[in-house]
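Written out below as structure tokens is the structure these notes cover.
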Amino acid sequence: MRLVTWNVNSLKARMPRVEEWLANLQPDVLCLQETKLSDAAFPAMAFQALGYESVHFGQGQWNGVAILSKVGIEAVRYGFMEGLEVGAPIDDYVAGVLAEARLITATCGGVEVSSVYVPNGRSVDDPHYGAKLVWLDRLREQLSRTTHPARPVVVMGDFNIAPEDRDVWDPAKFTGSTHVTPEERAKLAELEQWGFTDAFRHLYPQDHLYTYWDYRAGDFHMHRGMRIDLVLATAPVIDRLTWSIVDRNARKGKLPSDHAPLMIDIV
DNA sequence: ATGGTAGAGGATCTA
């Protein structure tokens with residue numbers, strides 16, 4: 001079974017690349033982030049023609065997450081449940097971020113899959129940064145309420161967090177920035193303490209392995225990237241894990257996303 | 001010189 005996560009940075013702009021890539025790689029499950037589409041505009045029929053069922057949680061203009069599957073889509077949940085309370089007290093701004101289209105969950109082929117687009121945070125002195133930390137608390141609480149680490153669970157997507165300094169091309173360049181702060185990394189660590197393993201890192205300990213490269217200044221060709229797209233998987237999935245890869249070829253060529261697809265295969 | 005590009009929408013905001 002092949003599962004993939006890909007921040008496409010506008011599915012409208014990326015659809016030709018996504019269709020070509022799907023036909024070539026044939027994953028069983030594809031999680032998308034940043035579709036930037038309303039649900040009405042989501043091209044479910046085009047994906048159906050390629051053999052995929054799909055569910056989408058969109059809001060137009062920004063955000064938007066989806067799950068495509070060839071192995072069924074059951075028990076779909078859109079965003080967060082009511083009644084979650086962990087994390088700092090929230091104001092209207094944080095509540096607004098929590099309500100955005102950044103999380104969709106479904107069961108595909110017996111695996112509980114979530115496609116996540118974690119808030120960027122912008123800068124550490126921006127309200128968006130606080131909202132990012134609360135968002136990660138809510139994700140953990142929802143998982144603890146709705147599932148269990150003894151079950152096959154995968155949370156994959158754009159976490160907008162580099163787990164370690166070696167997950168950015170030059171740690172010195174990121175001093176004082178979001179994506180690398182101890183607070184963000186602590187939220188990731190709490191998810192791992194609950195029962196997740198970083199599947200790609202579990203297989204590949206090497207440095208200089210990235211999933212995102214800024215469009216600007218030729219960063220991709222200069223190997224100036226960040227590993228901020230992750231597959232978090234529980235032990236029943238890690239036990240079945242055979243390999244993982246970042247498809248850098250999808251970052252090349254005409255009109256690429258700034259993120260590459262991250263894939264895992266499980267037996 | 002705090003730069004650069006891409007995508008939203010149609011002036012700037014977001015990443």
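Order determines the names: the first chain of the structure tokens is A, the second B, and so forth; residues in each chain are numbered 1 upward, and ligands are numbered 1 upward as they are shown.
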### Task
Identify all residues of region 76-148 of chain A in strand (DSSP E or B) (DSSP on the backbone) and supply them as a PyMOL selection string.
chain A and resi 76-78+103-108+111-117
Serialized selection, C-alpha atoms, as a PDB file, in the first residue's frame:
```
ATOM      1  CA  VAL A  76     -14.785  11.088   7.079  1.00  0.00           C
ATOM      2  CA  ARG A  77     -14.221  13.925   9.562  1.00  0.00           C
ATOM      3  CA  TYR A  78     -13.836  17.547   8.491  1.00  0.00           C
ATOM      4  CA  LEU A 103      -7.538  18.980   8.502  1.00  0.00           C
ATOM      5  CA  ILE A 104      -9.471  16.104   6.985  1.00  0.00           C
ATOM      6  CA  THR A 105      -9.553  12.545   8.294  1.00  0.00           C
ATOM      7  CA  ALA A 106     -10.808   9.296   6.787  1.00  0.00           C
ATOM      8  CA  THR A 107     -10.245   5.542   6.958  1.00  0.00           C
ATOM      9  CA  CYS A 108      -8.698   4.161   3.759  1.00  0.00           C
ATOM     10  CA  VAL A 111      -5.599   2.877   7.846  1.00  0.00           C
ATOM     11  CA  GLU A 112      -6.853   5.986   9.644  1.00  0.00           C
ATOM     12  CA  VAL A 113      -5.481   8.799   7.495  1.00  0.00           C
ATOM     13  CA  SER A 114      -5.358  12.528   8.226  1.00  0.00           C
ATOM     14  CA  SER A 115      -4.263  15.181   5.728  1.00  0.00           C
ATOM     15  CA  VAL A 116      -2.997  18.199   7.665  1.00  0.00           C
ATOM     16  CA  TYR A 117      -1.969  21.722   6.739  1.00  0.00           C
TER      17      TYR A 117
END
```
Each chain B residue no farther than 10 Å from chain A, nearest pair in Å, only C-alpha atoms (C1' of nucleotides), as JSON lines:
```
{"residue": "B:DG3", "atom": "C1'", "partner": "A:Ala217", "partner_atom": "CA", "distance": 9.2}
{"residue": "B:DG4", "atom": "C1'", "partner": "A:Arg216", "partner_atom": "CA", "distance": 4.6}
{"residue": "B:DT5", "atom": "C1'", "partner": "A:Arg216", "partner_atom": "CA", "distance": 4.7}
{"residue": "B:DA6", "atom": "C1'", "partner": "A:Tyr215", "partner_atom": "CA", "distance": 6.9}
{"residue": "B:DG7", "atom": "C1'", "partner": "A:Ser10", "partner_atom": "CA", "distance": 7.0}
{"residue": "B:DA8", "atom": "C1'", "partner": "A:Gln61", "partner_atom": "CA", "distance": 5.7}
{"residue": "B:DG9", "atom": "C1'", "partner": "A:Gln61", "partner_atom": "CA", "distance": 8.6}
{"residue": "B:DT14", "atom": "C1'", "partner": "A:Trp62", "partner_atom": "CA", "distance": 8.4}
{"residue": "B:DA15", "atom": "C1'", "partner": "A:Asn120", "partner_atom": "CA", "distance": 7.9}
```
### Task
Find the residues near Leu230 (chain A): any atom within 7 Å, counting only C-alpha atoms (C1' of nucleotides), skip ones fewer than 2 places away on the same chain, and give them as a list in words.
Met156, Gly157, Asp158, Phe159, Asp198, Ile228 and Leu232 of chain A
### Task
Could you please determine the separation between CA of Ala235 (chain A) and CA of Gln33 (chain A) in Å, to one decimal place?
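One can read the CA of Ala235 (chain A) to CA of Gln33 (chain A) distance as 24.7 Å.
The spacing separating CA of Thr35 (chain A) from CA of Arg102 (chain A) amounts to 10.2 Å.
Contact shell of Gly225 (chain A) at 6 Å (only C-alpha atoms (C1' of nucleotides); same-chain neighbours under 4 positions omitted): Trp169, Tyr210, Tyr212 and Trp213 of chain A.
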What would the file look like if the residues just selected were written as a tab-separated table (two decimals), in the first residue's frame with C-alpha atoms?
```tsv
chain	number	residue	atom	x	y	z
A	169	TRP	CA	19.64	23.87	4.83
A	210	TYR	CA	14.19	18.18	2.19
A	212	TYR	CA	10.18	22.12	0.44
A	213	TRP	CA	12.27	24.70	-1.41
```
### Task
Could you give me, as a list of chain:residue names, the residues within 12 Å of Asp207 (chain A), counting only C-alpha atoms (C1' of nucleotides) and dropping anything in the same chain fewer than 2 positions from it?
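Surrounding residues, per the criterion: A:Glu164, A:Asp165, A:Arg166, A:Asp167, A:Val168, A:Trp169, A:Asp170, A:Arg201, A:Tyr204, A:Pro205, A:Leu209, A:Tyr210, A:His223, A:Gly225, A:Met226, A:Arg227.
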Just write the chosen residues, C-alpha atoms, as a short mmCIF file (atom, residue, chain, number, x, y, z; two decimals), in the first residue's frame.
```cif
data_model
loop_
_atom_site.label_atom_id
_atom_site.label_comp_id
_atom_site.auth_asym_id
_atom_site.auth_seq_id
_atom_site.Cartn_x
_atom_site.Cartn_y
_atom_site.Cartn_z
CA GLU A 164 15.66 19.19 13.95
CA ASP A 165 18.30 21.71 12.88
CA ARG A 166 19.54 19.28 10.24
CA ASP A 167 16.11 19.51 8.61
CA VAL A 168 16.88 23.01 7.32
CA TRP A 169 19.64 23.87 4.83
CA ASP A 170 21.30 26.43 7.12
CA ARG A 201 13.36 9.89 9.27
CA TYR A 204 16.67 7.58 6.37
CA PRO A 205 19.02 9.21 8.92
CA LEU A 209 16.89 15.58 2.78
CA TYR A 210 14.19 18.18 2.19
CA HIS A 223 19.78 22.58 -2.42
CA GLY A 225 15.42 23.35 1.38
CA MET A 226 13.54 22.37 4.50
CA ARG A 227 12.03 19.06 5.66
#
```
Write out as a PDB file with all heavy atoms, in the first residue's frame which residues come within 12 Å of Leu22 (chain A) when counting only C-alpha atoms (C1' of nucleotides), dropping same-chain ones fewer than 4 positions away.
```
ATOM      1  N   ARG A   2       0.613   2.151  -0.904  1.00  0.00           N
ATOM      2  CA  ARG A   2       1.433   3.353  -1.096  1.00  0.00           C
ATOM      3  C   ARG A   2       0.614   4.581  -0.690  1.00  0.00           C
ATOM      4  O   ARG A   2      -0.472   4.813  -1.229  1.00  0.00           O
ATOM      5  CB  ARG A   2       1.869   3.432  -2.554  1.00  0.00           C
ATOM      6  CG  ARG A   2       2.565   4.714  -2.951  1.00  0.00           C
ATOM      7  CD  ARG A   2       3.257   4.564  -4.286  1.00  0.00           C
ATOM      8  NE  ARG A   2       4.417   3.686  -4.171  1.00  0.00           N
ATOM      9  CZ  ARG A   2       5.195   3.340  -5.204  1.00  0.00           C
ATOM     10  NH1 ARG A   2       4.924   3.772  -6.419  1.00  0.00           N
ATOM     11  NH2 ARG A   2       6.239   2.567  -5.011  1.00  0.00           N
ATOM     12  N   LEU A   3       1.173   5.372   0.259  1.00  0.00           N
ATOM     13  CA  LEU A   3       0.501   6.590   0.714  1.00  0.00           C
ATOM     14  C   LEU A   3       1.426   7.783   0.484  1.00  0.00           C
ATOM     15  O   LEU A   3       2.641   7.686   0.702  1.00  0.00           O
ATOM     16  CB  LEU A   3       0.149   6.503   2.202  1.00  0.00           C
ATOM     17  CG  LEU A   3      -0.749   5.342   2.636  1.00  0.00           C
ATOM     18  CD1 LEU A   3       0.091   4.190   3.170  1.00  0.00           C
ATOM     19  CD2 LEU A   3      -1.751   5.784   3.691  1.00  0.00           C
ATOM     20  N   VAL A   4       0.825   8.889   0.063  1.00  0.00           N
ATOM     21  CA  VAL A   4       1.609  10.060  -0.317  1.00  0.00           C
ATOM     22  C   VAL A   4       0.973  11.319   0.250  1.00  0.00           C
ATOM     23  O   VAL A   4      -0.257  11.429   0.342  1.00  0.00           O
ATOM     24  CB  VAL A   4       1.679  10.196  -1.859  1.00  0.00           C
ATOM     25  CG1 VAL A   4       2.471  11.441  -2.260  1.00  0.00           C
ATOM     26  CG2 VAL A   4       2.279   8.957  -2.484  1.00  0.00           C
ATOM     27  N   THR A   5       1.827  12.276   0.644  1.00  0.00           N
ATOM     28  CA  THR A   5       1.345  13.609   0.977  1.00  0.00           C
ATOM     29  C   THR A   5       2.031  14.624   0.080  1.00  0.00           C
ATOM     30  O   THR A   5       3.224  14.506  -0.219  1.00  0.00           O
ATOM     31  CB  THR A   5       1.583  13.960   2.461  1.00  0.00           C
ATOM     32  OG1 THR A   5       1.102  15.292   2.692  1.00  0.00           O
ATOM     33  CG2 THR A   5       3.047  13.870   2.852  1.00  0.00           C
ATOM     34  N   TRP A   6       1.263  15.624  -0.343  1.00  0.00           N
ATOM     35  CA  TRP A   6       1.786  16.615  -1.292  1.00  0.00           C
ATOM     36  C   TRP A   6       1.062  17.942  -1.094  1.00  0.00           C
ATOM     37  O   TRP A   6      -0.144  18.022  -1.310  1.00  0.00           O
ATOM     38  CB  TRP A   6       1.588  16.115  -2.724  1.00  0.00           C
ATOM     39  CG  TRP A   6       2.346  16.871  -3.775  1.00  0.00           C
ATOM     40  CD1 TRP A   6       3.236  17.891  -3.614  1.00  0.00           C
ATOM     41  CD2 TRP A   6       2.283  16.630  -5.203  1.00  0.00           C
ATOM     42  NE1 TRP A   6       3.734  18.308  -4.830  1.00  0.00           N
ATOM     43  CE2 TRP A   6       3.161  17.540  -5.823  1.00  0.00           C
ATOM     44  CE3 TRP A   6       1.569  15.730  -5.997  1.00  0.00           C
ATOM     45  CZ2 TRP A   6       3.333  17.585  -7.204  1.00  0.00           C
ATOM     46  CZ3 TRP A   6       1.749  15.776  -7.375  1.00  0.00           C
ATOM     47  CH2 TRP A   6       2.633  16.695  -7.961  1.00  0.00           C
ATOM     48  N   MET A  15      -3.078  21.109 -11.340  1.00  0.00           N
ATOM     49  CA  MET A  15      -3.814  19.919 -11.781  1.00  0.00           C
ATOM     50  C   MET A  15      -3.097  19.137 -12.888  1.00  0.00           C
ATOM     51  O   MET A  15      -3.037  17.893 -12.815  1.00  0.00           O
ATOM     52  CB  MET A  15      -5.229  20.319 -12.204  1.00  0.00           C
ATOM     53  CG  MET A  15      -6.175  19.156 -12.333  1.00  0.00           C
ATOM     54  SD  MET A  15      -6.325  18.198 -10.802  1.00  0.00           S
ATOM     55  CE  MET A  15      -7.479  16.925 -11.336  1.00  0.00           C
ATOM     56  N   PRO A  16      -2.522  19.802 -13.904  1.00  0.00           N
ATOM     57  CA  PRO A  16      -1.816  18.993 -14.920  1.00  0.00           C
ATOM     58  C   PRO A  16      -0.669  18.178 -14.329  1.00  0.00           C
ATOM     59  O   PRO A  16      -0.489  17.001 -14.685  1.00  0.00           O
ATOM     60  CB  PRO A  16      -1.294  20.052 -15.900  1.00  0.00           C
ATOM     61  CG  PRO A  16      -2.199  21.225 -15.710  1.00  0.00           C
ATOM     62  CD  PRO A  16      -2.560  21.232 -14.255  1.00  0.00           C
ATOM     63  N   ARG A  17       0.085  18.768 -13.416  1.00  0.00           N
ATOM     64  CA  ARG A  17       1.195  18.046 -12.786  1.00  0.00           C
ATOM     65  C   ARG A  17       0.680  16.910 -11.898  1.00  0.00           C
ATOM     66  O   ARG A  17       1.276  15.827 -11.850  1.00  0.00           O
ATOM     67  CB  ARG A  17       2.059  19.005 -11.954  1.00  0.00           C
ATOM     68  CG  ARG A  17       2.766  20.097 -12.746  1.00  0.00           C
ATOM     69  CD  ARG A  17       3.896  19.527 -13.606  1.00  0.00           C
ATOM     70  NE  ARG A  17       4.905  18.809 -12.871  1.00  0.00           N
ATOM     71  CZ  ARG A  17       6.140  19.237 -12.641  1.00  0.00           C
ATOM     72  NH1 ARG A  17       6.515  20.427 -13.074  1.00  0.00           N
ATOM     73  NH2 ARG A  17       7.003  18.490 -12.000  1.00  0.00           N
ATOM     74  N   VAL A  18      -0.408  17.166 -11.169  1.00  0.00           N
ATOM     75  CA  VAL A  18      -0.952  16.156 -10.264  1.00  0.00           C
ATOM     76  C   VAL A  18      -1.504  14.965 -11.050  1.00  0.00           C
ATOM     77  O   VAL A  18      -1.255  13.805 -10.690  1.00  0.00           O
ATOM     78  CB  VAL A  18      -2.036  16.769  -9.354  1.00  0.00           C
ATOM     79  CG1 VAL A  18      -2.733  15.682  -8.538  1.00  0.00           C
ATOM     80  CG2 VAL A  18      -1.424  17.817  -8.422  1.00  0.00           C
ATOM     81  N   GLN A  26       0.773   6.026  -9.147  1.00  0.00           N
ATOM     82  CA  GLN A  26      -0.321   5.130  -8.744  1.00  0.00           C
ATOM     83  C   GLN A  26      -0.382   4.871  -7.247  1.00  0.00           C
ATOM     84  O   GLN A  26      -0.457   3.703  -6.834  1.00  0.00           O
ATOM     85  CB  GLN A  26      -0.185   3.790  -9.477  1.00  0.00           C
ATOM     86  CG  GLN A  26      -0.170   3.923 -10.985  1.00  0.00           C
ATOM     87  CD  GLN A  26      -1.517   3.679 -11.620  1.00  0.00           C
ATOM     88  OE1 GLN A  26      -2.315   2.895 -11.122  1.00  0.00           O
ATOM     89  NE2 GLN A  26      -1.791   4.379 -12.690  1.00  0.00           N
ATOM     90  N   PRO A  27      -0.325   5.901  -6.410  1.00  0.00           N
ATOM     91  CA  PRO A  27      -0.464   5.637  -4.977  1.00  0.00           C
ATOM     92  C   PRO A  27      -1.877   5.135  -4.655  1.00  0.00           C
ATOM     93  O   PRO A  27      -2.811   5.372  -5.411  1.00  0.00           O
ATOM     94  CB  PRO A  27      -0.230   7.011  -4.347  1.00  0.00           C
ATOM     95  CG  PRO A  27      -0.662   7.978  -5.397  1.00  0.00           C
ATOM     96  CD  PRO A  27      -0.268   7.340  -6.707  1.00  0.00           C
ATOM     97  N   ASP A  28      -1.978   4.431  -3.536  1.00  0.00           N
ATOM     98  CA  ASP A  28      -3.308   4.024  -3.075  1.00  0.00           C
ATOM     99  C   ASP A  28      -4.030   5.178  -2.399  1.00  0.00           C
ATOM    100  O   ASP A  28      -5.247   5.301  -2.509  1.00  0.00           O
ATOM    101  CB  ASP A  28      -3.175   2.853  -2.104  1.00  0.00           C
ATOM    102  CG  ASP A  28      -2.603   1.630  -2.778  1.00  0.00           C
ATOM    103  OD1 ASP A  28      -3.359   0.984  -3.521  1.00  0.00           O
ATOM    104  OD2 ASP A  28      -1.407   1.351  -2.600  1.00  0.00           O
ATOM    105  N   VAL A  29      -3.261   6.006  -1.690  1.00  0.00           N
ATOM    106  CA  VAL A  29      -3.833   7.146  -0.978  1.00  0.00           C
ATOM    107  C   VAL A  29      -2.970   8.376  -1.256  1.00  0.00           C
ATOM    108  O   VAL A  29      -1.733   8.301  -1.170  1.00  0.00           O
ATOM    109  CB  VAL A  29      -3.891   6.889   0.545  1.00  0.00           C
ATOM    110  CG1 VAL A  29      -4.386   8.134   1.291  1.00  0.00           C
ATOM    111  CG2 VAL A  29      -4.782   5.686   0.858  1.00  0.00           C
ATOM    112  N   LEU A  30      -3.606   9.480  -1.610  1.00  0.00           N
ATOM    113  CA  LEU A  30      -2.889  10.745  -1.796  1.00  0.00           C
ATOM    114  C   LEU A  30      -3.556  11.826  -0.951  1.00  0.00           C
ATOM    115  O   LEU A  30      -4.744  12.103  -1.125  1.00  0.00           O
ATOM    116  CB  LEU A  30      -2.896  11.173  -3.264  1.00  0.00           C
ATOM    117  CG  LEU A  30      -2.305  12.560  -3.571  1.00  0.00           C
ATOM    118  CD1 LEU A  30      -0.828  12.644  -3.178  1.00  0.00           C
ATOM    119  CD2 LEU A  30      -2.481  12.907  -5.053  1.00  0.00           C
ATOM    120  N   CYS A  31      -2.781  12.400  -0.029  1.00  0.00           N
ATOM    121  CA  CYS A  31      -3.258  13.526   0.772  1.00  0.00           C
ATOM    122  C   CYS A  31      -2.734  14.817   0.142  1.00  0.00           C
ATOM    123  O   CYS A  31      -1.538  14.936  -0.134  1.00  0.00           O
ATOM    124  CB  CYS A  31      -2.737  13.409   2.207  1.00  0.00           C
ATOM    125  SG  CYS A  31      -3.472  12.053   3.136  1.00  0.00           S
ATOM    126  N   ALA A  46     -12.532  14.422 -12.247  1.00  0.00           N
ATOM    127  CA  ALA A  46     -11.264  14.134 -12.918  1.00  0.00           C
ATOM    128  C   ALA A  46     -10.487  13.061 -12.154  1.00  0.00           C
ATOM    129  O   ALA A  46      -9.875  12.170 -12.766  1.00  0.00           O
ATOM    130  CB  ALA A  46     -10.429  15.406 -13.036  1.00  0.00           C
ATOM    131  N   PHE A  47     -10.523  13.107 -10.845  1.00  0.00           N
ATOM    132  CA  PHE A  47      -9.843  12.084 -10.047  1.00  0.00           C
ATOM    133  C   PHE A  47     -10.556  10.738 -10.159  1.00  0.00           C
ATOM    134  O   PHE A  47      -9.923   9.679 -10.195  1.00  0.00           O
ATOM    135  CB  PHE A  47      -9.753  12.531  -8.586  1.00  0.00           C
ATOM    136  CG  PHE A  47      -8.791  13.667  -8.355  1.00  0.00           C
ATOM    137  CD1 PHE A  47      -9.156  14.750  -7.566  1.00  0.00           C
ATOM    138  CD2 PHE A  47      -7.526  13.655  -8.924  1.00  0.00           C
ATOM    139  CE1 PHE A  47      -8.282  15.803  -7.349  1.00  0.00           C
ATOM    140  CE2 PHE A  47      -6.631  14.704  -8.708  1.00  0.00           C
ATOM    141  CZ  PHE A  47      -7.016  15.778  -7.926  1.00  0.00           C
ATOM    142  N   GLN A  48     -11.885  10.792 -10.221  1.00  0.00           N
ATOM    143  CA  GLN A  48     -12.654   9.555 -10.389  1.00  0.00           C
ATOM    144  C   GLN A  48     -12.279   8.855 -11.701  1.00  0.00           C
ATOM    145  O   GLN A  48     -12.153   7.625 -11.757  1.00  0.00           O
ATOM    146  CB  GLN A  48     -14.159   9.883 -10.380  1.00  0.00           C
ATOM    147  CG  GLN A  48     -15.042   8.658 -10.303  1.00  0.00           C
ATOM    148  CD  GLN A  48     -16.505   9.026 -10.112  1.00  0.00           C
ATOM    149  OE1 GLN A  48     -17.067   9.810 -10.882  1.00  0.00           O
ATOM    150  NE2 GLN A  48     -17.122   8.488  -9.080  1.00  0.00           N
ATOM    151  N   ALA A  49     -12.045   9.667 -12.734  1.00  0.00           N
ATOM    152  CA  ALA A  49     -11.652   9.105 -14.037  1.00  0.00           C
ATOM    153  C   ALA A  49     -10.298   8.406 -13.947  1.00  0.00           C
ATOM    154  O   ALA A  49      -9.999   7.525 -14.761  1.00  0.00           O
ATOM    155  CB  ALA A  49     -11.613  10.208 -15.089  1.00  0.00           C
ATOM    156  N   LEU A  50      -9.478   8.798 -12.964  1.00  0.00           N
ATOM    157  CA  LEU A  50      -8.176   8.156 -12.761  1.00  0.00           C
ATOM    158  C   LEU A  50      -8.257   7.015 -11.751  1.00  0.00           C
ATOM    159  O   LEU A  50      -7.232   6.415 -11.401  1.00  0.00           O
ATOM    160  CB  LEU A  50      -7.154   9.193 -12.275  1.00  0.00           C
ATOM    161  CG  LEU A  50      -6.788  10.285 -13.288  1.00  0.00           C
ATOM    162  CD1 LEU A  50      -5.975  11.385 -12.628  1.00  0.00           C
ATOM    163  CD2 LEU A  50      -6.026   9.690 -14.467  1.00  0.00           C
ATOM    164  N   GLY A  51      -9.472   6.735 -11.257  1.00  0.00           N
ATOM    165  CA  GLY A  51      -9.659   5.593 -10.373  1.00  0.00           C
ATOM    166  C   GLY A  51      -9.691   5.924  -8.900  1.00  0.00           C
ATOM    167  O   GLY A  51      -9.581   5.025  -8.064  1.00  0.00           O
ATOM    168  N   TYR A  52      -9.834   7.207  -8.568  1.00  0.00           N
ATOM    169  CA  TYR A  52      -9.777   7.624  -7.166  1.00  0.00           C
ATOM    170  C   TYR A  52     -11.107   8.183  -6.663  1.00  0.00           C
ATOM    171  O   TYR A  52     -11.706   9.058  -7.291  1.00  0.00           O
ATOM    172  CB  TYR A  52      -8.699   8.710  -6.980  1.00  0.00           C
ATOM    173  CG  TYR A  52      -7.307   8.179  -7.111  1.00  0.00           C
ATOM    174  CD1 TYR A  52      -6.683   8.156  -8.359  1.00  0.00           C
ATOM    175  CD2 TYR A  52      -6.623   7.678  -6.012  1.00  0.00           C
ATOM    176  CE1 TYR A  52      -5.394   7.657  -8.500  1.00  0.00           C
ATOM    177  CE2 TYR A  52      -5.334   7.176  -6.151  1.00  0.00           C
ATOM    178  CZ  TYR A  52      -4.735   7.172  -7.394  1.00  0.00           C
ATOM    179  OH  TYR A  52      -3.465   6.678  -7.527  1.00  0.00           O
ATOM    180  N   LEU A  68      -7.447  11.460  -1.468  1.00  0.00           N
ATOM    181  CA  LEU A  68      -7.828  10.629  -2.608  1.00  0.00           C
ATOM    182  C   LEU A  68      -7.475   9.193  -2.262  1.00  0.00           C
ATOM    183  O   LEU A  68      -6.432   8.941  -1.654  1.00  0.00           O
ATOM    184  CB  LEU A  68      -7.062  11.036  -3.869  1.00  0.00           C
ATOM    185  CG  LEU A  68      -7.495  12.276  -4.652  1.00  0.00           C
ATOM    186  CD1 LEU A  68      -7.464  13.529  -3.810  1.00  0.00           C
ATOM    187  CD2 LEU A  68      -6.613  12.436  -5.889  1.00  0.00           C
ATOM    188  N   SER A  69      -8.315   8.235  -2.689  1.00  0.00           N
ATOM    189  CA  SER A  69      -8.048   6.845  -2.329  1.00  0.00           C
ATOM    190  C   SER A  69      -8.566   5.878  -3.385  1.00  0.00           C
ATOM    191  O   SER A  69      -9.644   6.083  -3.952  1.00  0.00           O
ATOM    192  CB  SER A  69      -8.691   6.522  -0.974  1.00  0.00           C
ATOM    193  OG  SER A  69      -8.547   5.145  -0.661  1.00  0.00           O
ATOM    194  N   LYS A  70      -7.765   4.838  -3.616  1.00  0.00           N
ATOM    195  CA  LYS A  70      -8.199   3.714  -4.458  1.00  0.00           C
ATOM    196  C   LYS A  70      -8.652   2.540  -3.608  1.00  0.00           C
ATOM    197  O   LYS A  70      -9.015   1.494  -4.150  1.00  0.00           O
ATOM    198  CB  LYS A  70      -7.046   3.256  -5.367  1.00  0.00           C
ATOM    199  CG  LYS A  70      -6.669   4.287  -6.402  1.00  0.00           C
ATOM    200  CD  LYS A  70      -6.007   3.660  -7.610  1.00  0.00           C
ATOM    201  CE  LYS A  70      -4.626   3.130  -7.311  1.00  0.00           C
ATOM    202  NZ  LYS A  70      -3.921   2.753  -8.561  1.00  0.00           N
ATOM    203  N   ALA A 250       9.292  15.815  -8.984  1.00  0.00           N
ATOM    204  CA  ALA A 250       8.057  16.591  -9.064  1.00  0.00           C
ATOM    205  C   ALA A 250       8.284  18.063  -8.740  1.00  0.00           C
ATOM    206  O   ALA A 250       7.411  18.897  -8.978  1.00  0.00           O
ATOM    207  CB  ALA A 250       7.011  15.999  -8.121  1.00  0.00           C
ATOM    208  N   PRO A 261       6.247  15.716  -3.394  1.00  0.00           N
ATOM    209  CA  PRO A 261       5.481  14.650  -2.744  1.00  0.00           C
ATOM    210  C   PRO A 261       6.381  13.799  -1.849  1.00  0.00           C
ATOM    211  O   PRO A 261       7.525  13.523  -2.199  1.00  0.00           O
ATOM    212  CB  PRO A 261       4.954  13.814  -3.917  1.00  0.00           C
ATOM    213  CG  PRO A 261       5.141  14.648  -5.143  1.00  0.00           C
ATOM    214  CD  PRO A 261       6.309  15.548  -4.854  1.00  0.00           C
TER     215      PRO A 261
END
```
### Task
as a ChimeraX atom specification, please: all residues of region 6-191 of chain A that backbone DSSP puts in alpha helix (DSSP H).
/A:11-25,44-49,92-98,127-146,182-191
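The gap separating CA of Trp21 (chain A) from CA of Ala233 (chain A) is 23.8 Å, in Å to one decimal.
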Hey, what's within 7 Å of region 83-97 of chain A if we count only C-alpha atoms (C1' of nucleotides) and toss same-chain stuff fewer than 3 positions away? As a compact mmCIF listing (two decimals) with all heavy atoms, in the first residue's frame, please?
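Now in result00.txt:
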```
# COMPACT_ATOMS: atom_id res chain seq x y z
N GLU A 100 -10.40 27.01 10.06
CA GLU A 100 -9.99 26.97 8.65
C GLU A 100 -9.88 25.53 8.14
O GLU A 100 -9.81 24.57 8.91
CB GLU A 100 -8.66 27.71 8.48
CG GLU A 100 -8.79 29.21 8.64
CD GLU A 100 -7.47 29.95 8.68
OE1 GLU A 100 -6.41 29.30 8.79
OE2 GLU A 100 -7.50 31.19 8.60
N ALA A 131 -1.57 30.77 17.35
CA ALA A 131 -2.64 29.93 16.80
C ALA A 131 -2.07 28.60 16.32
O ALA A 131 -2.71 27.55 16.45
CB ALA A 131 -3.34 30.67 15.66
N VAL A 134 -1.66 26.30 19.36
CA VAL A 134 -2.96 25.80 19.81
C VAL A 134 -3.49 24.76 18.82
O VAL A 134 -4.04 23.72 19.23
CB VAL A 134 -3.97 26.95 19.99
CG1 VAL A 134 -5.35 26.41 20.33
CG2 VAL A 134 -3.50 27.91 21.09
N ASP A 137 -2.02 21.52 19.54
CA ASP A 137 -2.64 20.93 20.74
C ASP A 137 -3.97 20.27 20.39
O ASP A 137 -4.27 19.17 20.86
CB ASP A 137 -2.89 22.01 21.80
CG ASP A 137 -1.61 22.41 22.54
OD1 ASP A 137 -0.71 21.57 22.67
OD2 ASP A 137 -1.54 23.58 22.99
N ARG A 138 -4.77 20.97 19.59
CA ARG A 138 -6.08 20.43 19.22
C ARG A 138 -5.95 19.16 18.40
O ARG A 138 -6.73 18.22 18.56
CB ARG A 138 -6.90 21.48 18.45
CG ARG A 138 -7.22 22.72 19.26
CD ARG A 138 -8.10 22.38 20.46
NE ARG A 138 -8.14 23.48 21.41
CZ ARG A 138 -9.16 24.34 21.53
NH1 ARG A 138 -10.22 24.21 20.78
NH2 ARG A 138 -9.10 25.32 22.40
N GLU A 141 -5.19 16.39 20.84
CA GLU A 141 -6.35 16.00 21.65
C GLU A 141 -7.39 15.26 20.82
O GLU A 141 -7.97 14.27 21.28
CB GLU A 141 -7.02 17.22 22.31
CG GLU A 141 -8.15 16.74 23.23
CD GLU A 141 -8.86 17.84 23.99
OE1 GLU A 141 -8.82 19.01 23.54
OE2 GLU A 141 -9.48 17.54 25.03
```
